[in-house]
Amino acid sequence: MTKKRNVMIISWIAVFLWMLLIFYLSAQVADDSNDLSIGFTQIILNIVEKIAPNFEFDIGTFNHIIRKNAHFFVYLVLGFLVLNALNRSGFKNIGLALLICVVYAVSDEIHQAFVPGRGPGVRDVFIDSVGSAVGIGIYLLFGKLKSLKGSS
């Protein structure tokens with residue numbers, strides 16, 4: 001096998017593993033998912049308290065923001081990985097990359113309909129889709145910077 005083919009296969013494995021991570025996180029029952037995000041929120045609050053000890057937070061509101069940002073971030077990474085894998089396969093197709101991510105986001109929300117205490121959300125699909133688009137944009141930006149660096 002050639003190095004180029006190996007890189008392509010590894011790129012698709014990265015996409016698959018990231019999708020598995022998203023599926024795993026979505027399969028958590030509501031209480032477990034909330035406990036995970038509250039733990040993460042608490043870590044951030046501890047850091048903020050050290051920097052600005054008098055700053056007051058509503059942990060519930062902040063936890064909600066963290067949860068929605070998690071949607072954005074995991075799909076940002078997915079968008080980046082999908083466009084990379086498509087590019088490595090010879091299909092640098094931005095529309096197809098976004099379509100794959102949006103379809104996965106929709107399937108993820110449908111999956112959550114079957115998880116106790118969770119449910120599908122159109123807003124989450126929108127957040128996921130925007131995250132994917134930003135990830136795709138970052139991939140394109142890195143490509144542009146790399147080509148500018150190579151031409152100088």
# chains A, B, ... in the order shown; residues from 1 in each chain; ligands from 1
>>> residues_around(residues="region 15-18 of chain A", least_positions_apart="6", cutoff="10 Å", atoms="only C-alpha atoms", output="list in words")
Ile9, Tyr24, Val74, Tyr75, Val77, Leu78, Gly79, Phe80, Leu81, Val82, Leu83, Asn84 and Ala85 of chain A
>>> residues_around(residues="Val29 (chain A)", least_positions_apart="5", cutoff="9 Å", atoms="only C-alpha atoms", output="VMD selection string")
chain A and resid 34 112 115 to 118
>>> write_last_selection(atoms="N, CA and C atoms", output="short mmCIF file (atom, residue, chain, number, x, y, z; two decimals), in the first residue's frame")
data_model
loop_
_atom_site.label_atom_id
_atom_site.label_comp_id
_atom_site.auth_asym_id
_atom_site.auth_seq_id
_atom_site.Cartn_x
_atom_site.Cartn_y
_atom_site.Cartn_z
N ASN A 34 -25.68 14.85 32.03
CA ASN A 34 -25.67 16.08 32.81
C ASN A 34 -24.54 16.07 33.85
N GLN A 112 -31.13 10.08 20.00
CA GLN A 112 -31.39 10.56 21.36
C GLN A 112 -32.86 10.41 21.76
N VAL A 115 -33.10 7.45 23.98
CA VAL A 115 -32.27 7.42 25.18
C VAL A 115 -33.07 8.01 26.34
N PRO A 116 -33.17 7.29 27.46
CA PRO A 116 -33.98 7.78 28.59
C PRO A 116 -33.58 9.19 29.04
N GLY A 117 -34.59 10.06 29.12
CA GLY A 117 -34.39 11.42 29.59
C GLY A 117 -33.86 12.38 28.54
N ARG A 118 -33.61 11.88 27.36
CA ARG A 118 -33.09 12.73 26.29
C ARG A 118 -34.12 12.80 25.18
#
>>> select_by_dssp(residues="chain A", states="helix (DSSP H, G or I)", output="ChimeraX atom specification")
/A:3-26,30-51,59-88,94-112,122-151
>>> closest_residue(among="A:Leu99, A:Ala30, A:Ala52, A:Leu45", to="Ile136 (chain A)", atoms="only C-alpha atoms")
A:Leu99
>>> atom_distance(atom1="CA of Gly143 (chain A)", atom2="CA of Lys92 (chain A)")
11.2 Å
>>> residues_around(residues="Phe62 (chain A)", least_positions_apart="4", cutoff="12 Å", atoms="only C-alpha atoms", output="list in words")
Ser37, Ile38, Gly39, Phe40, Thr41, Gln42, Ile43, Ile44, Leu45, Glu56, Phe57, Asp58, Ile66, Arg67, Lys68 and Asn69 of chain A
>>> write_last_selection(atoms="C-alpha atoms", output="PDB file, in the first residue's frame")
ATOM      1  CA  SER A  37     -21.151  18.321  31.756  1.00  0.00           C
ATOM      2  CA  ILE A  38     -21.575  19.591  35.322  1.00  0.00           C
ATOM      3  CA  GLY A  39     -18.183  18.067  36.184  1.00  0.00           C
ATOM      4  CA  PHE A  40     -16.652  19.876  33.219  1.00  0.00           C
ATOM      5  CA  THR A  41     -18.480  23.083  34.138  1.00  0.00           C
ATOM      6  CA  GLN A  42     -17.162  22.852  37.699  1.00  0.00           C
ATOM      7  CA  ILE A  43     -13.572  22.545  36.419  1.00  0.00           C
ATOM      8  CA  ILE A  44     -14.044  25.718  34.370  1.00  0.00           C
ATOM      9  CA  LEU A  45     -15.660  27.530  37.309  1.00  0.00           C
ATOM     10  CA  GLU A  56     -20.578  35.237  40.195  1.00  0.00           C
ATOM     11  CA  PHE A  57     -22.026  32.499  37.997  1.00  0.00           C
ATOM     12  CA  ASP A  58     -25.366  30.803  37.703  1.00  0.00           C
ATOM     13  CA  ILE A  66     -21.198  24.439  28.083  1.00  0.00           C
ATOM     14  CA  ARG A  67     -23.538  21.707  26.779  1.00  0.00           C
ATOM     15  CA  LYS A  68     -24.443  23.677  23.647  1.00  0.00           C
ATOM     16  CA  ASN A  69     -20.805  24.577  23.050  1.00  0.00           C
TER      17      ASN A  69
END
>>> closest_residue(among="A:Met8, A:Leu76, A:Leu86, A:Leu96", to="Gly131 (chain A)", atoms="only C-alpha atoms")
A:Leu76
>>> closest_residue(among="A:Ile13, A:Ile110, A:Leu141, A:Leu98", to="Ser26 (chain A)", atoms="only C-alpha atoms")
A:Ile110
>>> atom_distance(atom1="CA of Val130 (chain A)", atom2="CA of Ile22 (chain A)")
16.0 Å
>>> closest_residue(among="A:Lys50, A:Phe142, A:Leu25, A:Ala133", to="Ala97 (chain A)", atoms="only C-alpha atoms")
A:Ala133
>>> closest_residue(among="A:Asn93, A:Ser33, A:Asn87, A:Asn46", to="His64 (chain A)", atoms="only C-alpha atoms")
A:Ser33
>>> closest_residue(among="A:Arg88, A:Gly60, A:Lys144, A:Val122", to="Val7 (chain A)", atoms="only C-alpha atoms")
A:Arg88
